[in-house]
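Pasting run14.txt here (compact mmCIF, N, CA and C atoms):
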# COMPACT_ATOMS: atom_id res chain seq x y z
N MET A 1 21.30 -43.62 40.84
CA MET A 1 21.77 -42.35 40.35
C MET A 1 23.27 -42.25 40.63
N ALA A 2 24.01 -41.74 39.67
CA ALA A 2 25.46 -41.64 39.80
C ALA A 2 25.83 -40.61 40.87
N VAL A 3 26.95 -40.88 41.54
CA VAL A 3 27.45 -39.95 42.54
C VAL A 3 28.01 -38.73 41.82
N ARG A 4 27.63 -37.55 42.32
CA ARG A 4 28.08 -36.30 41.71
C ARG A 4 29.00 -35.57 42.67
N THR A 5 29.87 -34.76 42.08
CA THR A 5 30.79 -33.97 42.89
C THR A 5 30.05 -32.78 43.50
N HIS A 6 30.68 -32.17 44.48
CA HIS A 6 30.12 -30.97 45.11
C HIS A 6 29.94 -29.87 44.06
N GLU A 7 30.88 -29.75 43.15
CA GLU A 7 30.80 -28.73 42.11
C GLU A 7 29.61 -28.98 41.18
N GLU A 8 29.37 -30.25 40.83
CA GLU A 8 28.23 -30.58 39.97
C GLU A 8 26.90 -30.26 40.67
N ILE A 9 26.83 -30.57 41.95
CA ILE A 9 25.62 -30.28 42.73
C ILE A 9 25.41 -28.77 42.83
N SER A 10 26.47 -28.02 43.10
CA SER A 10 26.38 -26.56 43.18
C SER A 10 25.92 -25.96 41.85
N ALA A 11 26.46 -26.48 40.75
CA ALA A 11 26.06 -25.98 39.43
C ALA A 11 24.59 -26.29 39.16
N ALA A 12 24.13 -27.47 39.54
CA ALA A 12 22.73 -27.85 39.35
C ALA A 12 21.82 -26.95 40.18
N LYS A 13 22.22 -26.64 41.41
CA LYS A 13 21.44 -25.73 42.25
C LYS A 13 21.37 -24.34 41.62
N SER A 14 22.48 -23.86 41.09
CA SER A 14 22.51 -22.53 40.45
C SER A 14 21.58 -22.50 39.24
N ARG A 15 21.62 -23.55 38.42
CA ARG A 15 20.72 -23.61 37.25
C ARG A 15 19.26 -23.64 37.69
N LEU A 16 18.98 -24.36 38.76
CA LEU A 16 17.61 -24.42 39.28
C LEU A 16 17.16 -23.03 39.74
N ILE A 17 17.97 -22.36 40.51
CA ILE A 17 17.62 -21.03 41.01
C ILE A 17 17.38 -20.06 39.85
N GLU A 18 18.24 -20.10 38.85
CA GLU A 18 18.07 -19.23 37.68
C GLU A 18 16.77 -19.53 36.96
N ALA A 19 16.44 -20.80 36.78
CA ALA A 19 15.20 -21.18 36.09
C ALA A 19 13.97 -20.75 36.89
N ILE A 20 14.05 -20.87 38.21
CA ILE A 20 12.93 -20.44 39.07
C ILE A 20 12.77 -18.93 38.96
N GLU A 21 13.86 -18.19 39.03
CA GLU A 21 13.79 -16.73 38.96
C GLU A 21 13.28 -16.23 37.62
N ARG A 22 13.48 -17.00 36.55
CA ARG A 22 12.98 -16.62 35.23
C ARG A 22 11.58 -17.17 34.96
N ASN A 23 10.98 -17.78 35.98
CA ASN A 23 9.64 -18.36 35.87
C ASN A 23 9.55 -19.38 34.74
N GLU A 24 10.59 -20.17 34.56
CA GLU A 24 10.62 -21.17 33.49
C GLU A 24 10.05 -22.52 33.92
N LEU A 25 9.84 -22.70 35.21
CA LEU A 25 9.41 -23.99 35.72
C LEU A 25 8.06 -23.90 36.40
N SER A 26 7.27 -24.94 36.24
CA SER A 26 6.06 -25.05 37.05
C SER A 26 6.50 -25.43 38.46
N LEU A 27 5.58 -25.37 39.39
CA LEU A 27 5.89 -25.77 40.76
C LEU A 27 6.37 -27.22 40.77
N GLY A 28 5.65 -28.09 40.07
CA GLY A 28 6.02 -29.50 40.05
C GLY A 28 7.40 -29.74 39.47
N GLU A 29 7.73 -29.04 38.38
CA GLU A 29 9.05 -29.19 37.77
C GLU A 29 10.14 -28.73 38.73
N ALA A 30 9.90 -27.63 39.42
CA ALA A 30 10.90 -27.12 40.37
C ALA A 30 11.10 -28.11 41.51
N VAL A 31 10.02 -28.64 42.04
CA VAL A 31 10.11 -29.61 43.14
C VAL A 31 10.85 -30.87 42.68
N ARG A 32 10.52 -31.36 41.50
CA ARG A 32 11.19 -32.57 40.98
C ARG A 32 12.69 -32.31 40.83
N ARG A 33 13.06 -31.15 40.29
CA ARG A 33 14.48 -30.85 40.13
C ARG A 33 15.18 -30.71 41.47
N MET A 34 14.51 -30.14 42.46
CA MET A 34 15.10 -30.06 43.81
C MET A 34 15.41 -31.46 44.31
N ARG A 35 14.43 -32.33 44.17
CA ARG A 35 14.62 -33.71 44.65
C ARG A 35 15.74 -34.39 43.88
N GLU A 36 15.76 -34.24 42.57
CA GLU A 36 16.80 -34.89 41.76
C GLU A 36 18.19 -34.40 42.12
N ILE A 37 18.32 -33.13 42.47
CA ILE A 37 19.63 -32.60 42.89
C ILE A 37 20.12 -33.33 44.13
N THR A 38 19.19 -33.69 45.02
CA THR A 38 19.61 -34.42 46.23
C THR A 38 20.03 -35.84 45.93
N GLY A 39 19.62 -36.36 44.75
CA GLY A 39 19.97 -37.73 44.39
C GLY A 39 19.08 -38.76 45.07
N LEU A 40 17.96 -38.32 45.64
CA LEU A 40 17.08 -39.23 46.37
C LEU A 40 15.85 -39.60 45.54
N SER A 41 15.30 -40.76 45.84
CA SER A 41 14.04 -41.18 45.24
C SER A 41 12.91 -40.34 45.81
N GLN A 42 11.73 -40.42 45.19
CA GLN A 42 10.58 -39.71 45.74
C GLN A 42 10.31 -40.16 47.16
N LYS A 43 10.36 -41.46 47.39
CA LYS A 43 10.07 -42.01 48.71
C LYS A 43 11.04 -41.47 49.75
N ALA A 44 12.33 -41.53 49.45
CA ALA A 44 13.35 -41.08 50.41
C ALA A 44 13.24 -39.58 50.66
N TYR A 45 13.08 -38.79 49.61
CA TYR A 45 12.99 -37.33 49.78
C TYR A 45 11.74 -36.97 50.57
N ALA A 46 10.62 -37.58 50.20
CA ALA A 46 9.35 -37.28 50.87
C ALA A 46 9.40 -37.62 52.35
N GLU A 47 9.83 -38.82 52.65
CA GLU A 47 9.76 -39.30 54.03
C GLU A 47 10.91 -38.81 54.90
N ARG A 48 12.14 -38.88 54.39
CA ARG A 48 13.30 -38.56 55.23
C ARG A 48 13.63 -37.08 55.28
N ILE A 49 13.49 -36.39 54.16
CA ILE A 49 13.90 -34.99 54.10
C ILE A 49 12.75 -34.04 54.39
N VAL A 50 11.60 -34.28 53.76
CA VAL A 50 10.49 -33.33 53.84
C VAL A 50 9.48 -33.70 54.91
N GLY A 51 9.29 -35.00 55.17
CA GLY A 51 8.32 -35.42 56.18
C GLY A 51 6.89 -35.43 55.68
N ILE A 52 6.71 -35.77 54.38
CA ILE A 52 5.37 -35.90 53.82
C ILE A 52 5.26 -37.27 53.16
N SER A 53 4.07 -37.63 52.74
CA SER A 53 3.91 -38.94 52.09
C SER A 53 4.44 -38.89 50.66
N THR A 54 4.86 -40.05 50.18
CA THR A 54 5.34 -40.16 48.81
C THR A 54 4.25 -39.77 47.83
N ARG A 55 3.02 -40.15 48.11
CA ARG A 55 1.89 -39.84 47.22
C ARG A 55 1.73 -38.33 47.06
N ILE A 56 1.82 -37.60 48.14
CA ILE A 56 1.68 -36.14 48.07
C ILE A 56 2.80 -35.54 47.23
N LEU A 57 4.03 -35.99 47.44
CA LEU A 57 5.15 -35.48 46.65
C LEU A 57 4.97 -35.81 45.18
N ALA A 58 4.56 -37.02 44.87
CA ALA A 58 4.36 -37.43 43.47
C ALA A 58 3.30 -36.56 42.80
N GLU A 59 2.22 -36.28 43.48
CA GLU A 59 1.16 -35.43 42.93
C GLU A 59 1.67 -34.01 42.67
N ILE A 60 2.45 -33.49 43.59
CA ILE A 60 3.01 -32.14 43.42
C ILE A 60 3.95 -32.12 42.22
N GLU A 61 4.81 -33.12 42.10
CA GLU A 61 5.76 -33.17 40.99
C GLU A 61 5.05 -33.28 39.64
N LEU A 62 3.86 -33.84 39.63
CA LEU A 62 3.07 -33.96 38.39
C LEU A 62 2.16 -32.75 38.18
N ASP A 63 2.30 -31.73 39.01
CA ASP A 63 1.47 -30.52 38.96
C ASP A 63 -0.01 -30.83 39.13
N ARG A 64 -0.30 -31.89 39.87
CA ARG A 64 -1.69 -32.24 40.14
C ARG A 64 -2.04 -32.04 41.60
N GLY A 65 -1.06 -31.83 42.41
CA GLY A 65 -1.31 -31.67 43.83
C GLY A 65 -1.78 -30.26 44.17
N ASN A 66 -2.33 -30.13 45.34
CA ASN A 66 -2.75 -28.84 45.85
C ASN A 66 -2.13 -28.69 47.25
N PRO A 67 -0.81 -28.47 47.29
CA PRO A 67 -0.11 -28.48 48.57
C PRO A 67 -0.48 -27.30 49.45
N THR A 68 -0.46 -27.55 50.73
CA THR A 68 -0.67 -26.47 51.69
C THR A 68 0.60 -25.63 51.78
N ALA A 69 0.47 -24.46 52.36
CA ALA A 69 1.65 -23.61 52.56
C ALA A 69 2.67 -24.33 53.44
N GLU A 70 2.20 -25.07 54.43
CA GLU A 70 3.09 -25.83 55.31
C GLU A 70 3.89 -26.86 54.52
N THR A 71 3.23 -27.58 53.61
CA THR A 71 3.93 -28.57 52.79
C THR A 71 4.95 -27.91 51.90
N LEU A 72 4.59 -26.78 51.29
CA LEU A 72 5.54 -26.06 50.44
C LEU A 72 6.75 -25.58 51.24
N GLU A 73 6.52 -25.14 52.46
CA GLU A 73 7.63 -24.74 53.34
C GLU A 73 8.57 -25.92 53.56
N LYS A 74 8.02 -27.09 53.83
CA LYS A 74 8.84 -28.28 54.07
C LYS A 74 9.65 -28.64 52.83
N ILE A 75 9.02 -28.55 51.67
CA ILE A 75 9.70 -28.93 50.42
C ILE A 75 10.82 -27.94 50.10
N GLY A 76 10.57 -26.66 50.28
CA GLY A 76 11.56 -25.65 49.91
C GLY A 76 12.66 -25.42 50.92
N ARG A 77 12.42 -25.80 52.17
CA ARG A 77 13.39 -25.53 53.24
C ARG A 77 14.80 -26.04 52.95
N PRO A 78 14.99 -27.26 52.45
CA PRO A 78 16.36 -27.72 52.19
C PRO A 78 17.11 -26.89 51.14
N PHE A 79 16.36 -26.11 50.35
CA PHE A 79 16.99 -25.29 49.32
C PHE A 79 16.95 -23.80 49.66
N GLY A 80 16.56 -23.48 50.88
CA GLY A 80 16.56 -22.10 51.32
C GLY A 80 15.36 -21.30 50.85
N TYR A 81 14.28 -21.97 50.44
CA TYR A 81 13.08 -21.28 50.00
C TYR A 81 12.04 -21.24 51.10
N THR A 82 11.24 -20.19 51.07
CA THR A 82 10.14 -20.04 51.99
C THR A 82 8.92 -19.60 51.19
N VAL A 83 7.76 -19.81 51.73
CA VAL A 83 6.53 -19.44 51.05
C VAL A 83 6.17 -18.01 51.43
N GLY A 84 5.79 -17.24 50.44
CA GLY A 84 5.39 -15.86 50.71
C GLY A 84 4.85 -15.21 49.46
N PHE A 85 4.49 -13.97 49.59
CA PHE A 85 4.00 -13.21 48.46
C PHE A 85 5.18 -12.70 47.64
N VAL A 86 5.03 -12.75 46.32
CA VAL A 86 6.07 -12.27 45.41
C VAL A 86 5.42 -11.28 44.46
N ARG A 87 6.00 -10.12 44.36
CA ARG A 87 5.47 -9.09 43.48
C ARG A 87 5.78 -9.45 42.04
N LYS A 88 4.78 -9.35 41.19
CA LYS A 88 5.00 -9.59 39.76
C LYS A 88 5.77 -8.43 39.19
N THR A 89 6.61 -8.73 38.21
CA THR A 89 7.33 -7.68 37.52
C THR A 89 6.51 -7.20 36.36
N ARG A 90 6.85 -6.07 35.81
CA ARG A 90 6.10 -5.52 34.67
C ARG A 90 6.10 -6.53 33.53
N GLY A 91 4.99 -6.60 32.85
CA GLY A 91 4.88 -7.49 31.71
C GLY A 91 4.31 -8.85 32.06
N GLN A 92 4.29 -9.21 33.34
CA GLN A 92 3.69 -10.48 33.75
C GLN A 92 2.21 -10.26 33.98
N THR A 93 1.44 -11.26 33.62
CA THR A 93 0.00 -11.18 33.87
C THR A 93 -0.42 -12.11 34.94
Is it possible to give me this structure as structure tokens?
Amino acid sequence: MAVRTHEEISAAKSRLIEAIERNELSLGEAVRRMREITGLSQKAYAERIVGISTRILAEIELDRGNPTAETLEKIGRPFGYTVGFVRKTRGQT
């Protein structure tokens, strides 16, 4: 993966946050984009950053995993996310 500037990384993080807030991404898509922003492979992100197995991360990124709240906390922590209840806005079902 090509080396990116701090500005490019910041812009990618902002786009990710906006997409998450607009509910445009599945959990797996959001996790994959988080990892891609770091520039790390699944193996490196899973083992070095999050502390989970590569298999678990791959399943989550494919929207096939059933992660625990603890695993989601680990995945979201580098991006300032935490697991919790979120109130739906009007119009959402």
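By chain and then residue number, the residues within 10 Å of Leu72 in chain A are Leu27, Val31, Val50, Ile60, Asn66, Pro67, Thr68, Gly76, Arg77, Tyr81, Thr82 and Val83 of chain A, counting only C-alpha atoms and disregarding those fewer than 4 positions away in sequence.
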Discussion item. So that I can check the surroundings of Ile17 in chain A, please list as a list of chain:residue names every protein, DNA and RNA residue that reaches within 12 Å of it, counting only C-alpha atoms and ignoring chain neighbours fewer than 2 positions away.
Written reply: A:Ser10, A:Ala11, A:Ala12, A:Lys13, A:Ser14, A:Arg15, A:Ala19, A:Ile20, A:Glu21, A:Arg22, A:Asn23, A:Glu24, A:Leu25, A:Ala30, A:Val31, A:Arg33, A:Met34, A:Ile37, A:Gly76, A:Phe79, A:Gly80, A:Tyr81
Practice prompt. Just list the residues in chain A DSSP gives alpha helix (DSSP H) on the backbone, as an NGL selection string.
Written response: :A and (6-21 or 27-38 or 42-44 or 54-61 or 69-76)
Fill in: CA of Arg35 in chain A to CA of Glu18 in chain A, straight-line distance in Å
16.4 Å
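The interatomic distance for the pair atom N of Phe85 in chain A and atom C of Ala58 in chain A works out to 23.6 Å.
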Worksheet item: Any idea what the distance is between atom N of Ile9 in chain A and atom N of Arg32 in chain A?
Response: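 Going from atom N of Ile9 in chain A over to atom N of Arg32 in chain A, I get 16.3 Å.
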Worksheet item: For Gly39 in chain A, which residue among A:Arg64, A:Gly84, A:Glu70, A:Arg4 is the nearest when counting all atoms listed in the file?
Response: A:Arg4
Please write N, CA and C atoms of range 70-87 of chain A, from the structure given just now, as a PDB file, in the first residue's frame.
ATOM      1  N   GLU A  70     -16.791  -7.048  23.410  1.00  0.00           N
ATOM      2  CA  GLU A  70     -15.370  -6.851  23.708  1.00  0.00           C
ATOM      3  C   GLU A  70     -14.545  -6.738  22.429  1.00  0.00           C
ATOM      4  N   THR A  71     -14.822  -7.603  21.452  1.00  0.00           N
ATOM      5  CA  THR A  71     -14.099  -7.543  20.180  1.00  0.00           C
ATOM      6  C   THR A  71     -14.393  -6.241  19.458  1.00  0.00           C
ATOM      7  N   LEU A  72     -15.649  -5.817  19.450  1.00  0.00           N
ATOM      8  CA  LEU A  72     -15.998  -4.549  18.811  1.00  0.00           C
ATOM      9  C   LEU A  72     -15.308  -3.370  19.489  1.00  0.00           C
ATOM     10  N   GLU A  73     -15.194  -3.422  20.802  1.00  0.00           N
ATOM     11  CA  GLU A  73     -14.465  -2.373  21.536  1.00  0.00           C
ATOM     12  C   GLU A  73     -13.016  -2.318  21.064  1.00  0.00           C
ATOM     13  N   LYS A  74     -12.388  -3.476  20.932  1.00  0.00           N
ATOM     14  CA  LYS A  74     -10.990  -3.529  20.495  1.00  0.00           C
ATOM     15  C   LYS A  74     -10.827  -2.971  19.086  1.00  0.00           C
ATOM     16  N   ILE A  75     -11.760  -3.315  18.206  1.00  0.00           N
ATOM     17  CA  ILE A  75     -11.674  -2.866  16.816  1.00  0.00           C
ATOM     18  C   ILE A  75     -11.880  -1.360  16.716  1.00  0.00           C
ATOM     19  N   GLY A  76     -12.835  -0.823  17.451  1.00  0.00           N
ATOM     20  CA  GLY A  76     -13.154   0.595  17.355  1.00  0.00           C
ATOM     21  C   GLY A  76     -12.254   1.519  18.132  1.00  0.00           C
ATOM     22  N   ARG A  77     -11.563   0.988  19.136  1.00  0.00           N
ATOM     23  CA  ARG A  77     -10.731   1.819  20.020  1.00  0.00           C
ATOM     24  C   ARG A  77      -9.720   2.690  19.275  1.00  0.00           C
ATOM     25  N   PRO A  78      -8.980   2.172  18.288  1.00  0.00           N
ATOM     26  CA  PRO A  78      -8.000   3.035  17.607  1.00  0.00           C
ATOM     27  C   PRO A  78      -8.626   4.227  16.873  1.00  0.00           C
ATOM     28  N   PHE A  79      -9.945   4.158  16.634  1.00  0.00           N
ATOM     29  CA  PHE A  79     -10.627   5.240  15.937  1.00  0.00           C
ATOM     30  C   PHE A  79     -11.538   6.040  16.857  1.00  0.00           C
ATOM     31  N   GLY A  80     -11.440   5.799  18.147  1.00  0.00           N
ATOM     32  CA  GLY A  80     -12.213   6.565  19.108  1.00  0.00           C
ATOM     33  C   GLY A  80     -13.654   6.108  19.254  1.00  0.00           C
ATOM     34  N   TYR A  81     -13.963   4.887  18.815  1.00  0.00           N
ATOM     35  CA  TYR A  81     -15.322   4.365  18.941  1.00  0.00           C
ATOM     36  C   TYR A  81     -15.436   3.444  20.138  1.00  0.00           C
ATOM     37  N   THR A  82     -16.634   3.419  20.698  1.00  0.00           N
ATOM     38  CA  THR A  82     -16.948   2.523  21.792  1.00  0.00           C
ATOM     39  C   THR A  82     -18.290   1.875  21.493  1.00  0.00           C
ATOM     40  N   VAL A  83     -18.551   0.767  22.105  1.00  0.00           N
ATOM     41  CA  VAL A  83     -19.804   0.052  21.892  1.00  0.00           C
ATOM     42  C   VAL A  83     -20.837   0.561  22.884  1.00  0.00           C
ATOM     43  N   GLY A  84     -22.031   0.803  22.397  1.00  0.00           N
ATOM     44  CA  GLY A  84     -23.095   1.263  23.275  1.00  0.00           C
ATOM     45  C   GLY A  84     -24.409   1.326  22.535  1.00  0.00           C
ATOM     46  N   PHE A  85     -25.419   1.751  23.234  1.00  0.00           N
ATOM     47  CA  PHE A  85     -26.731   1.902  22.629  1.00  0.00           C
ATOM     48  C   PHE A  85     -26.792   3.234  21.890  1.00  0.00           C
ATOM     49  N   VAL A  86     -27.422   3.212  20.714  1.00  0.00           N
ATOM     50  CA  VAL A  86     -27.579   4.411  19.910  1.00  0.00           C
ATOM     51  C   VAL A  86     -29.063   4.559  19.594  1.00  0.00           C
ATOM     52  N   ARG A  87     -29.594   5.718  19.876  1.00  0.00           N
ATOM     53  CA  ARG A  87     -31.004   5.973  19.609  1.00  0.00           C
ATOM     54  C   ARG A  87     -31.215   6.150  18.125  1.00  0.00           C
TER      55      ARG A  87
END
